[in-house]
Each structure stands twice: as structure tokens, then as C-alpha cells.
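Shown here: upload_28.cif, mmCIF, C-alpha atoms.
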```
data_upload
loop_
_atom_site.label_atom_id
_atom_site.label_comp_id
_atom_site.auth_asym_id
_atom_site.auth_seq_id
_atom_site.Cartn_x
_atom_site.Cartn_y
_atom_site.Cartn_z
CA MET A 1315 -23.84 -17.42 50.43
CA LYS A 1316 -25.58 -15.10 47.98
CA TYR A 1317 -27.18 -11.89 49.21
CA LEU A 1318 -29.56 -9.53 47.47
CA ILE A 1319 -30.08 -6.14 49.10
CA ILE A 1320 -33.06 -4.19 47.82
CA GLY A 1321 -31.67 -0.70 48.32
CA GLY A 1322 -28.03 -1.07 49.25
CA THR A 1323 -26.86 2.54 49.07
CA GLY A 1324 -28.95 4.05 51.87
CA LEU A 1325 -28.03 5.00 55.40
CA ILE A 1326 -28.16 1.51 56.96
CA SER A 1327 -27.58 -0.54 53.83
CA THR A 1328 -24.31 1.22 52.94
CA PRO A 1329 -22.37 -0.20 55.92
CA MET A 1330 -24.26 -3.46 55.47
CA THR A 1331 -23.04 -3.79 51.88
CA ARG A 1332 -19.52 -2.81 52.89
CA ILE A 1333 -19.43 -5.43 55.67
CA LEU A 1334 -20.59 -8.14 53.29
CA LEU A 1335 -18.06 -7.16 50.63
CA GLU A 1336 -15.26 -7.18 53.17
CA SER A 1337 -16.29 -10.69 54.23
CA GLY A 1338 -16.07 -11.93 50.65
CA ALA A 1339 -19.80 -12.58 50.31
CA ASP A 1340 -21.55 -12.66 46.94
CA VAL A 1341 -23.58 -9.43 46.98
CA THR A 1342 -26.08 -8.00 44.52
CA LEU A 1343 -27.90 -4.69 44.95
CA TYR A 1344 -31.22 -3.69 43.45
CA ASN A 1345 -31.98 0.04 43.31
CA ARG A 1346 -32.77 2.93 40.99
CA GLY A 1347 -29.12 3.79 40.46
CA GLN A 1348 -29.73 7.38 41.50
CA ARG A 1349 -27.50 7.54 44.56
CA GLU A 1350 -23.72 7.45 44.54
CA ALA A 1351 -22.43 4.29 46.19
CA ARG A 1352 -19.80 4.63 48.91
CA PHE A 1353 -18.08 1.25 48.83
CA PRO A 1354 -14.42 0.29 48.67
CA ALA A 1355 -15.11 -2.11 45.80
CA ALA A 1356 -17.44 -2.49 42.86
CA VAL A 1357 -20.61 -4.46 43.50
CA ARG A 1358 -23.07 -5.99 41.08
CA THR A 1359 -26.10 -3.72 40.81
CA ILE A 1360 -29.40 -4.31 39.05
CA VAL A 1361 -31.00 -0.99 38.20
CA GLY A 1362 -34.76 -0.79 38.22
CA ASP A 1363 -37.87 0.57 39.87
CA ARG A 1364 -39.42 -1.80 42.37
CA THR A 1365 -42.74 0.03 42.15
CA ASN A 1366 -42.96 -1.17 38.54
CA PHE A 1367 -43.97 -4.59 39.79
CA THR A 1368 -43.93 -6.38 36.46
CA GLN A 1369 -40.44 -5.12 35.71
CA PHE A 1370 -39.16 -5.85 39.21
CA GLU A 1371 -40.47 -9.40 39.29
CA SER A 1372 -39.11 -10.10 35.81
CA GLN A 1373 -35.69 -8.73 36.77
CA MET A 1374 -35.63 -10.86 39.91
CA SER A 1375 -36.52 -13.96 37.90
CA GLU A 1376 -33.64 -13.26 35.53
CA ALA A 1377 -31.20 -12.47 38.36
CA GLY A 1378 -30.92 -16.06 39.45
CA THR A 1379 -31.15 -17.46 42.95
CA PHE A 1380 -30.23 -15.94 46.30
CA ASP A 1381 -29.94 -17.35 49.77
CA PHE A 1382 -30.94 -14.14 51.52
CA VAL A 1383 -32.90 -11.08 50.44
CA ILE A 1384 -32.64 -8.01 52.67
CA ASP A 1385 -35.37 -5.52 51.85
CA MET A 1386 -34.43 -2.07 53.09
CA VAL A 1387 -36.91 0.02 51.11
CA CYS A 1388 -40.30 -1.69 51.29
CA PHE A 1389 -42.81 0.94 52.39
CA ARG A 1390 -46.17 -0.14 50.95
CA PRO A 1391 -48.14 -3.40 51.09
CA GLU A 1392 -48.19 -3.59 47.29
CA GLU A 1393 -44.41 -3.68 47.33
CA ALA A 1394 -44.42 -6.47 49.91
CA GLU A 1395 -46.84 -8.50 47.82
CA SER A 1396 -44.56 -8.07 44.83
CA VAL A 1397 -41.60 -9.35 46.86
CA VAL A 1398 -43.57 -12.46 47.81
CA ARG A 1399 -44.45 -13.12 44.18
CA ALA A 1400 -40.85 -12.58 43.10
CA PHE A 1401 -39.20 -14.85 45.66
CA LYS A 1402 -41.75 -17.47 46.73
CA GLY A 1403 -39.93 -20.79 46.92
CA ARG A 1404 -36.74 -19.25 45.47
CA ILE A 1405 -34.90 -17.94 48.54
CA HIS A 1406 -34.15 -19.25 51.99
CA GLN A 1407 -34.91 -16.12 54.01
CA LEU A 1408 -36.18 -12.55 53.76
CA ILE A 1409 -34.94 -9.90 56.19
CA PHE A 1410 -37.39 -7.00 56.28
CA CYS A 1411 -36.30 -3.61 57.61
CA SER A 1412 -39.41 -2.32 59.38
CA THR A 1413 -39.58 0.36 62.08
CA VAL A 1414 -40.57 0.97 65.70
CA ASP A 1415 -43.13 3.37 64.26
CA VAL A 1416 -45.44 0.37 63.92
CA TYR A 1417 -46.37 0.98 67.56
CA GLY A 1418 -48.93 3.40 68.92
CA LYS A 1419 -47.83 6.39 70.97
CA PRO A 1420 -47.71 6.67 73.90
CA GLY A 1421 -46.81 3.09 74.66
CA LEU A 1422 -48.71 0.94 77.13
CA ARG A 1423 -45.44 0.10 78.90
CA MET A 1424 -41.84 1.23 78.93
CA PRO A 1425 -39.64 0.05 77.41
CA TYR A 1426 -41.60 -1.13 74.37
CA LYS A 1427 -41.39 -4.87 73.72
CA GLU A 1428 -41.84 -6.53 70.33
CA ASP A 1429 -45.37 -7.68 71.21
CA GLU A 1430 -46.59 -4.15 71.92
CA PRO A 1431 -49.84 -3.50 69.97
CA ARG A 1432 -49.00 -2.23 66.50
CA ASN A 1433 -51.38 0.73 66.51
CA ALA A 1434 -49.32 2.98 64.28
CA LEU A 1435 -50.31 6.64 64.12
CA THR A 1436 -48.79 7.66 60.80
CA PRO A 1437 -49.29 6.41 57.22
CA TYR A 1438 -45.62 5.36 57.23
CA GLY A 1439 -46.07 3.21 60.33
CA LYS A 1440 -49.43 1.82 59.24
CA ASN A 1441 -48.00 0.72 55.90
CA LYS A 1442 -45.07 -0.96 57.64
CA VAL A 1443 -47.56 -2.94 59.76
CA LEU A 1444 -49.29 -4.15 56.59
CA CYS A 1445 -45.94 -5.10 55.06
CA GLU A 1446 -44.98 -7.05 58.18
CA ASP A 1447 -48.23 -8.98 58.05
CA ILE A 1448 -47.79 -9.88 54.39
CA PHE A 1449 -44.29 -11.19 55.02
CA LEU A 1450 -45.29 -13.10 58.17
CA ASP A 1451 -48.14 -14.71 56.21
CA ALA A 1452 -45.59 -15.79 53.59
CA HIS A 1453 -43.46 -17.26 56.37
CA ALA A 1454 -46.45 -19.16 57.79
CA ARG A 1455 -47.25 -20.60 54.33
CA GLY A 1456 -43.66 -21.75 53.91
CA ASP A 1457 -42.89 -19.43 50.98
CA PHE A 1458 -39.59 -18.49 52.67
CA LYS A 1459 -38.28 -17.75 56.16
CA VAL A 1460 -38.86 -14.22 57.42
CA THR A 1461 -37.19 -12.04 60.03
CA ILE A 1462 -38.33 -8.50 60.84
CA ILE A 1463 -35.92 -5.86 62.13
CA ARG A 1464 -37.41 -2.79 63.78
CA PRO A 1465 -34.83 -0.01 64.12
CA ALA A 1466 -35.62 3.21 65.96
CA ALA A 1467 -33.83 6.44 65.04
CA THR A 1468 -30.62 5.63 63.18
CA TYR A 1469 -27.82 7.99 62.25
CA GLY A 1470 -24.25 8.00 61.02
CA GLU A 1471 -21.91 8.96 58.23
CA GLY A 1472 -24.00 9.72 55.16
CA GLY A 1473 -26.87 11.12 57.20
CA THR A 1474 -27.46 13.84 59.76
CA ILE A 1475 -28.77 14.31 63.30
CA ILE A 1476 -32.50 14.42 63.94
CA HIS A 1477 -34.20 17.15 65.99
CA THR A 1478 -37.61 18.67 66.71
CA PHE A 1479 -38.13 19.75 63.08
CA GLY A 1480 -36.75 16.66 61.38
CA TRP A 1481 -33.46 16.19 59.59
CA ASN A 1482 -32.41 19.57 58.19
CA THR A 1483 -28.84 20.51 59.04
CA THR A 1484 -29.51 24.15 59.94
CA TYR A 1485 -30.00 22.70 63.44
CA LEU A 1486 -26.31 21.82 63.59
CA ASP A 1487 -25.30 25.21 62.26
CA ARG A 1488 -27.40 26.88 64.96
CA ILE A 1489 -25.59 24.89 67.65
CA ARG A 1490 -22.11 25.73 66.37
CA LYS A 1491 -23.07 29.41 66.13
CA GLY A 1492 -24.50 29.48 69.65
CA LYS A 1493 -28.08 30.15 68.57
CA PRO A 1494 -31.07 29.02 70.68
CA ILE A 1495 -32.64 25.65 69.86
CA VAL A 1496 -36.36 24.87 69.87
CA VAL A 1497 -37.23 21.81 71.97
CA HIS A 1498 -40.67 20.27 72.06
CA GLY A 1499 -42.42 20.13 75.42
CA ASP A 1500 -40.26 20.36 78.51
CA GLY A 1501 -37.52 18.35 76.82
CA ASN A 1502 -37.84 15.43 79.24
CA ALA A 1503 -39.35 12.81 76.92
CA LEU A 1504 -36.87 9.97 76.44
CA TRP A 1505 -35.20 9.26 73.12
CA VAL A 1506 -32.71 6.73 71.74
CA MET A 1507 -30.35 6.72 68.76
CA CYS A 1508 -28.41 3.84 67.24
CA HIS A 1509 -25.50 4.14 64.85
CA ILE A 1510 -25.90 2.57 61.41
CA GLU A 1511 -22.95 0.20 61.90
CA ASP A 1512 -24.65 -1.54 64.83
CA VAL A 1513 -28.02 -1.71 63.09
CA ALA A 1514 -26.47 -3.06 59.87
CA ARG A 1515 -24.69 -5.87 61.71
CA ALA A 1516 -27.94 -6.95 63.35
CA HIS A 1517 -29.64 -7.36 59.96
CA LEU A 1518 -26.79 -9.57 58.81
CA ALA A 1519 -26.78 -11.59 62.05
CA ALA A 1520 -30.37 -12.63 61.30
CA CYS A 1521 -29.38 -14.24 57.98
CA GLY A 1522 -29.49 -18.02 58.26
CA ASN A 1523 -30.14 -17.79 61.99
CA PRO A 1524 -32.85 -20.33 62.97
CA LYS A 1525 -33.56 -18.43 66.20
CA ALA A 1526 -34.69 -15.46 64.12
CA TYR A 1527 -37.17 -17.20 61.83
CA GLY A 1528 -40.65 -15.76 62.13
CA LYS A 1529 -39.64 -13.15 64.72
CA ALA A 1530 -39.30 -9.38 65.03
CA TYR A 1531 -36.47 -7.59 66.81
CA HIS A 1532 -35.62 -4.15 68.13
CA THR A 1533 -32.18 -2.93 67.09
CA THR A 1534 -32.24 0.19 69.17
CA GLY A 1535 -29.96 2.42 71.20
CA GLU A 1536 -29.29 1.87 74.89
CA GLU A 1537 -28.61 5.43 76.06
CA TRP A 1538 -31.99 6.67 77.19
CA MET A 1539 -31.56 10.42 76.83
CA THR A 1540 -34.00 13.21 77.48
CA TRP A 1541 -34.19 15.59 74.55
CA ASN A 1542 -32.47 18.18 76.74
CA GLN A 1543 -29.55 15.77 77.22
CA PHE A 1544 -29.63 14.91 73.53
CA HIS A 1545 -29.08 18.52 72.44
CA GLN A 1546 -26.36 19.02 75.05
CA THR A 1547 -24.56 15.93 73.74
CA VAL A 1548 -24.76 17.16 70.15
CA ALA A 1549 -23.23 20.47 71.25
CA GLN A 1550 -20.48 18.58 73.05
CA ALA A 1551 -19.80 16.58 69.88
CA MET A 1552 -19.33 19.89 68.03
CA ASN A 1553 -17.14 21.40 70.76
CA ALA A 1554 -19.79 24.09 71.06
CA PRO A 1555 -21.19 25.64 74.25
CA ALA A 1556 -24.37 24.15 75.71
CA PRO A 1557 -27.21 25.74 73.72
CA GLU A 1558 -30.06 27.79 75.08
CA LEU A 1559 -33.07 25.48 74.88
CA VAL A 1560 -36.41 27.13 74.13
CA HIS A 1561 -39.23 24.81 75.21
CA ILE A 1562 -42.48 25.03 73.27
CA PRO A 1563 -45.39 22.56 73.69
CA ALA A 1564 -45.64 20.05 70.85
CA ASP A 1565 -49.31 20.82 70.19
CA VAL A 1566 -48.49 24.52 69.87
CA LEU A 1567 -45.71 23.73 67.39
CA TYR A 1568 -48.10 21.59 65.37
CA GLN A 1569 -50.69 24.37 65.24
CA LEU A 1570 -48.14 26.96 64.19
CA ALA A 1571 -46.08 24.86 61.77
CA PRO A 1572 -47.82 21.54 61.05
CA GLU A 1573 -45.57 20.51 58.19
CA GLU A 1574 -42.32 21.12 60.05
CA SER A 1575 -43.46 19.67 63.39
CA ALA A 1576 -45.73 16.76 62.41
CA ILE A 1577 -42.99 14.25 63.25
CA THR A 1578 -42.73 15.76 66.73
CA TYR A 1579 -46.47 15.90 67.31
CA PHE A 1580 -47.05 12.27 66.32
CA ASN A 1581 -43.81 10.80 67.64
CA PHE A 1582 -41.08 12.77 69.39
CA GLN A 1583 -43.25 14.25 72.13
CA TYR A 1584 -43.64 10.74 73.54
CA SER A 1585 -40.90 8.71 75.17
CA ASN A 1586 -39.32 6.26 72.72
CA VAL A 1587 -37.33 3.58 74.55
CA PHE A 1588 -37.21 -0.08 73.56
CA ASP A 1589 -36.26 -3.46 74.97
CA ASN A 1590 -33.61 -4.94 72.68
CA SER A 1591 -32.84 -8.00 74.83
CA ALA A 1592 -34.26 -10.40 72.22
CA ALA A 1593 -31.88 -9.04 69.58
CA ARG A 1594 -29.01 -9.27 72.04
CA ASP A 1595 -29.86 -12.89 72.87
CA ASP A 1596 -30.72 -14.21 69.40
CA LEU A 1597 -28.70 -12.00 67.05
CA GLY A 1598 -25.77 -11.07 69.24
CA PHE A 1599 -26.77 -7.43 68.80
CA ARG A 1600 -24.46 -5.02 70.60
CA TYR A 1601 -24.66 -1.26 71.04
CA THR A 1602 -21.00 -0.44 70.43
CA ILE A 1603 -20.95 3.22 69.37
CA PRO A 1604 -21.94 5.72 72.09
CA PHE A 1605 -24.03 8.63 70.89
CA LEU A 1606 -21.34 11.21 71.62
CA GLU A 1607 -18.83 9.35 69.45
CA GLY A 1608 -21.35 8.61 66.70
CA ALA A 1609 -22.59 12.19 66.64
CA ARG A 1610 -19.02 13.47 66.37
CA ARG A 1611 -18.33 11.11 63.45
CA THR A 1612 -21.55 12.09 61.69
CA ILE A 1613 -20.90 15.82 62.09
CA GLU A 1614 -17.31 15.47 60.91
CA TRP A 1615 -18.57 13.63 57.81
CA LEU A 1616 -21.00 16.47 57.10
CA GLU A 1617 -18.44 19.21 57.73
CA ALA A 1618 -15.84 17.56 55.48
CA ARG A 1619 -18.36 17.73 52.61
CA ASN A 1620 -19.72 21.18 53.41
CA LYS A 1621 -23.17 19.68 53.97
CA ILE A 1622 -24.26 21.74 56.99
CA ALA A 1623 -26.67 24.39 55.77
CA ASN A 1624 -26.28 28.04 56.76
CA SER A 1625 -28.92 28.80 59.39
CA ASP A 1626 -28.56 32.53 58.71
CA LEU A 1627 -30.46 31.95 55.47
CA ASP A 1628 -33.41 30.25 57.19
CA PRO A 1629 -35.38 32.58 59.51
CA PHE A 1630 -37.90 29.91 60.62
CA ASP A 1631 -36.42 29.10 64.05
CA ASP A 1632 -35.52 32.68 64.93
CA ARG A 1633 -38.96 33.97 64.00
CA LEU A 1634 -40.68 31.22 66.00
CA ILE A 1635 -38.48 31.78 69.04
CA GLU A 1636 -38.96 35.55 68.95
CA LEU A 1637 -42.74 35.22 68.75
CA TRP A 1638 -42.85 32.63 71.52
CA LYS A 1639 -40.70 34.67 73.91
CA ARG A 1640 -42.70 37.81 73.17
CA MET A 1641 -45.95 35.96 73.85
CA ILE A 1642 -44.67 34.57 77.16
CA VAL A 1643 -43.64 38.06 78.30
CA SER A 1644 -47.05 39.42 77.29
CA ILE A 1645 -48.90 36.68 79.16
CA LYS A 1646 -46.77 37.20 82.28
CA ASP A 1647 -47.35 40.95 82.22
CA GLU A 1648 -51.09 40.54 81.72
CA PHE A 1649 -51.37 37.83 84.37
CA SER A 1650 -49.39 39.91 86.88
CA ALA A 1651 -51.73 42.81 86.34
CA VAL A 1652 -54.80 40.82 87.31
#
```

The structure given in the file should be rewritten as C-alpha cells.
Amino acid sequence: MKYLIIGGTGLISTPMTRILLESGADVTLYNRGQREARFPAAVRTIVGDRTNFTQFESQMSEAGTFDFVIDMVCFRPEEAESVVRAFKGRIHQLIFCSTVDVYGKPGLRMPYKEDEPRNALTPYGKNKVLCEDIFLDAHARGDFKVTIIRPAATYGEGGTIIHTFGWNTTYLDRIRKGKPIVVHGDGNALWVMCHIEDVARAHLAACGNPKAYGKAYHTTGEEWMTWNQFHQTVAQAMNAPAPELVHIPADVLYQLAPEESAITYFNFQYSNVFDNSAARDDLGFRYTIPFLEGARRTIEWLEARNKIANSDLDPFDDRLIELWKRMIVSIKDEFSAV
């Protein structure tokens, strides 16, 4: 079977490409050639810019035929439309990497199921909804088979560990140095993580799988952790003491630092847990890497490459924590005096 991965060197697609190469599959990547590949063997790569639609579609026409196209980096409806033009009637199946961010927050039920209303809150999620619809329309017309994969938070070697302010690695440095950690709200919203190896295998299990045609699946973690538990587990993975957790309401964080905390305000402050039983039943999806183990592997990968930033050079968290604690003391003193 011949596979084309649009992307191929990213967080999820790196283990995906490696797994395919190890199986002896015929693999081609399409990407901008700007990221160093981390594969044990050379792989055919077509270098180009998918947002140059004329170029992309011409390159795909010249590339020959593929059985499966796995699109890991489609973020806008215009890109989805270009994919349909490029591959209509020329491939058997498209696997589209979408996101659980297609859903509104908070959810109407817990855990989220795949038929939850797709009332995305962010431009990223809204665009993924539009892309899904374009691909499902192509499936309905018979242009090619389509399967949609909706991962939640993914992590692993090559990436980092998410937290209240996103993906910067000063968070990890703060934990190993015993510094306090900002946590949104009371830290009791539920969160899940899934290692890239498990998510990658689910994408591949959809290829040529008749059960998966025209469907969407959650490939999500199964350890429902509060954010308080999450941070404690990360500290355990680093052999660091349990951190002091400084709880600040998400709306306050967004008012004080909207750029840094937008992801928390629109997403993390709500519980994010998902029913992945359909993926387990149809794709054989399995959650095989516990978060403690996966976090330890991710952190070791970062440490071996000196990729954890020095938190001493970034005063953001310390300044925020100092101001918050000072304000709480002031409010308590003033309230007690009433």
C-alpha cells in the first residue's frame, strides 16, 4: 500500500512515519522541508507549500497515485478544498487529523461523544469544523473515503508538556527548581493526555478499515486527571518535590495576561474528558503509555537536548504570583477590619 502523509515530521506524524517505514510500507511525505526529520531511514519527501494551492495540486498530480492520504496539517477550509481537488477519484481514503476543539465548552455531557455539537469557541476549532464538513461532503459524493481523527492533548518525544500558559518549557524548569506553579481555577477541572505513539497508531488503523469510513473518532487519554493531579504527576516524573500550586481564577488570568492565558480561558478551565469507545471498537485503539511514563520520556528527551528553558530569565510567573499573593493578603486584611 502507498501512503502520503501531508506533514510527516510533526509531533504525531513522526512516530506514524516511523511505524510505516518499519512495516515496509511505501511512504511519501509532503512538507516544507523546514523541520529536521527523526527517522531511522530515508523517506521520499516532496517539498512544497500546501497553501500555494496551484503548486500543491500540480505536485500531487505529478506524484502519482496513493492508496491513503493522511493529512496532519490542514487548518483552513481553503486547504481542505485544495485537497479535494487534488485527490478526487485518485485515492481510496483520506484520514484527516482534526481536534476535540471542534466542540463547544463546557460540554453538554461528560464524557464528550463524537456527536457532541461542534460549537467551537476558537478560530482554530471553527476552521477544523469547516474542514471536517468539506471532507465529509467529499465522502458523501464518492470522491474518496474519509475518516476523521479527533485527538485531544498529545505529547511525547519531540514536544513538551502543556500547562496553564501553553507549551513553554520554563514550566518544567520551575518544577525541577521547586518554584510555585500557577494553576487556573481551583485546579479540579479534568484533563486528559495521550502519547503520540498511541495516537499515531490509531490514524494508521483507520487506513483501509471499512468500519471507519465516514466516521469521526476520539483518540484520547484514559487517565482523567485534575490539573492538581496533573502537576503532581509531572513533578513525580522529574523526581522533584510536589510543587506549591497557586490557584488563580481563569477569568482573572485572562484579564491580566490575555495572550498567555487565552488557551486556558477558552479551553483548559473546562473539563476535557472524552469517550473513546468507538475508536477502541473500530480501530483497536489502546491507551498503552501511562501519563507518568510518557511524561518521564518526554522530559528526558528535552533534557538530553538541553531544551528546557531557564525560568530564572523569565519573570512572568514570579511577578504574577507575587502580585496575586499580595492582593489576597490585602483583601483578607481589609475584610477582617470591616

### Residue among A:Phe1458, A:Tyr1469, A:Tyr1531, A:Phe1353 lying closest to Asn1590 in chain A, counting all atoms listed in the file
A:Tyr1531

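Distance check against Pro1420 in chain A using all atoms listed in the file: of A:Val1496, A:Lys1646, A:Tyr1579, A:Gln1348, the minimum falls on A:Tyr1579.
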
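Residue nearest Ala1551 in chain A within the list A:Gly1324, A:Gly1608, A:Pro1563, A:Gly1528: A:Gly1608 [criterion: smallest interatomic distance, all atoms listed in the file].
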
### Task
Around the point (-25.6, 2.8, 72.3) in the file's coordinates, collect all residues with an atom within 6 Å, using all atoms listed in the file, and return them as number ranges by chain.
A: 1508, 1535-1537, 1601-1604

### Task
Taking the file as shown, find all residues satisfying the PyMOL selection byres ((chain A and resi 1349) around 12) and write them as a VMD selection string.
chain A and resid 1321 to 1325 1328 1344 to 1348 1350 to 1352 1359 1361 1472

### Message
Please expand the PyMOL selection byres ((chain A and resi 1635) around 10) into the concrete residues it hits in this file, giving the result as a PyMOL selection string.
### Response
chain A and resi 1494-1496+1560-1562+1630-1634+1636-1641

### Task
Evaluate the PyMOL selection byres ((chain A and resi 1465) around 9) on the structure here and hand back the selected residues as a PyMOL selection string.
chain A and resi 1411-1415+1463-1464+1466-1468+1508+1513+1531-1535

Got time to write the residues from that selection, C-alpha atoms, as a PDB file, in the coordinates of the input?
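What follows is the written file again.pdb:
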```pdb
ATOM      1  CA  CYS A1411     -36.300  -3.610  57.610  1.00  0.00           C
ATOM      2  CA  SER A1412     -39.410  -2.320  59.380  1.00  0.00           C
ATOM      3  CA  THR A1413     -39.580   0.360  62.080  1.00  0.00           C
ATOM      4  CA  VAL A1414     -40.570   0.970  65.700  1.00  0.00           C
ATOM      5  CA  ASP A1415     -43.130   3.370  64.260  1.00  0.00           C
ATOM      6  CA  ILE A1463     -35.920  -5.860  62.130  1.00  0.00           C
ATOM      7  CA  ARG A1464     -37.410  -2.790  63.780  1.00  0.00           C
ATOM      8  CA  ALA A1466     -35.620   3.210  65.960  1.00  0.00           C
ATOM      9  CA  ALA A1467     -33.830   6.440  65.040  1.00  0.00           C
ATOM     10  CA  THR A1468     -30.620   5.630  63.180  1.00  0.00           C
ATOM     11  CA  CYS A1508     -28.410   3.840  67.240  1.00  0.00           C
ATOM     12  CA  VAL A1513     -28.020  -1.710  63.090  1.00  0.00           C
ATOM     13  CA  TYR A1531     -36.470  -7.590  66.810  1.00  0.00           C
ATOM     14  CA  HIS A1532     -35.620  -4.150  68.130  1.00  0.00           C
ATOM     15  CA  THR A1533     -32.180  -2.930  67.090  1.00  0.00           C
ATOM     16  CA  THR A1534     -32.240   0.190  69.170  1.00  0.00           C
ATOM     17  CA  GLY A1535     -29.960   2.420  71.200  1.00  0.00           C
TER      18      GLY A1535
END
```

#### Entry: Residue nearest Phe1382 in chain A - candidates A:Lys1459, A:Arg1488, A:Lys1427, A:Lys1529, atoms counted: only C-alpha atoms
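Answer, going by the shortest atom-to-atom distance: A:Lys1459.
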
### Query
So which one's closest to His1477 in chain A, A:Tyr1568, A:Trp1541, A:Phe1367, A:Phe1449? Using all atoms listed in the file, please.
A:Trp1541

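The interatomic distance for the pair CA of Ile1489 in chain A and CA of Ala1556 in chain A works out to 8.2 Å.
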
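Closest to Asp1340 in chain A among A:Val1443, A:Met1424, A:Met1315, A:Val1460 is A:Met1315, based on only C-alpha atoms.
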
### Task
With a distance cut-off of 6 Å and all atoms listed in the file, select the neighbouring residues of range 1614-1626 of chain A, excluding the residue or stretch itself and same-chain residues fewer than 6 positions from it, and output the selection as a VMD selection string.
chain A and resid 1471 1483 to 1484 1487

## Note on the structure
In Å and to one decimal, CA of Asp1595 in chain A is distant from CA of Pro1431 in chain A by 22.3 Å

### Task
Grab the CA of Arg1600 in chain A to CA of Met1330 in chain A distance for me, in Å with one decimal place.
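Answer for the CA of Arg1600 in chain A to CA of Met1330 in chain A separation: 15.2 Å.
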
#### Entry: Selection near Ile1319 in chain A, 8 Å with only C-alpha atoms, sequence-local residues under 2 positions removed, as a list in words
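Returned residues: Tyr1317, Gly1321, Gly1322, Ser1327, Thr1331, Val1341, Thr1342, Leu1343, Tyr1344, Val1383, Ile1384, Asp1385 and Met1386 of chain A.
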
Assuming 8 Å of padding per side, give the centre and edge lengths of the axis-aligned box around every listed atom of range 1420-1439 of chain A, in Å to one decimal and as AutoDock Vina command-line options.
```
--center_x -45.5 --center_y 0.0 --center_z 68.1 --size_x 27.7 --size_y 31.3 --size_z 37.7
```
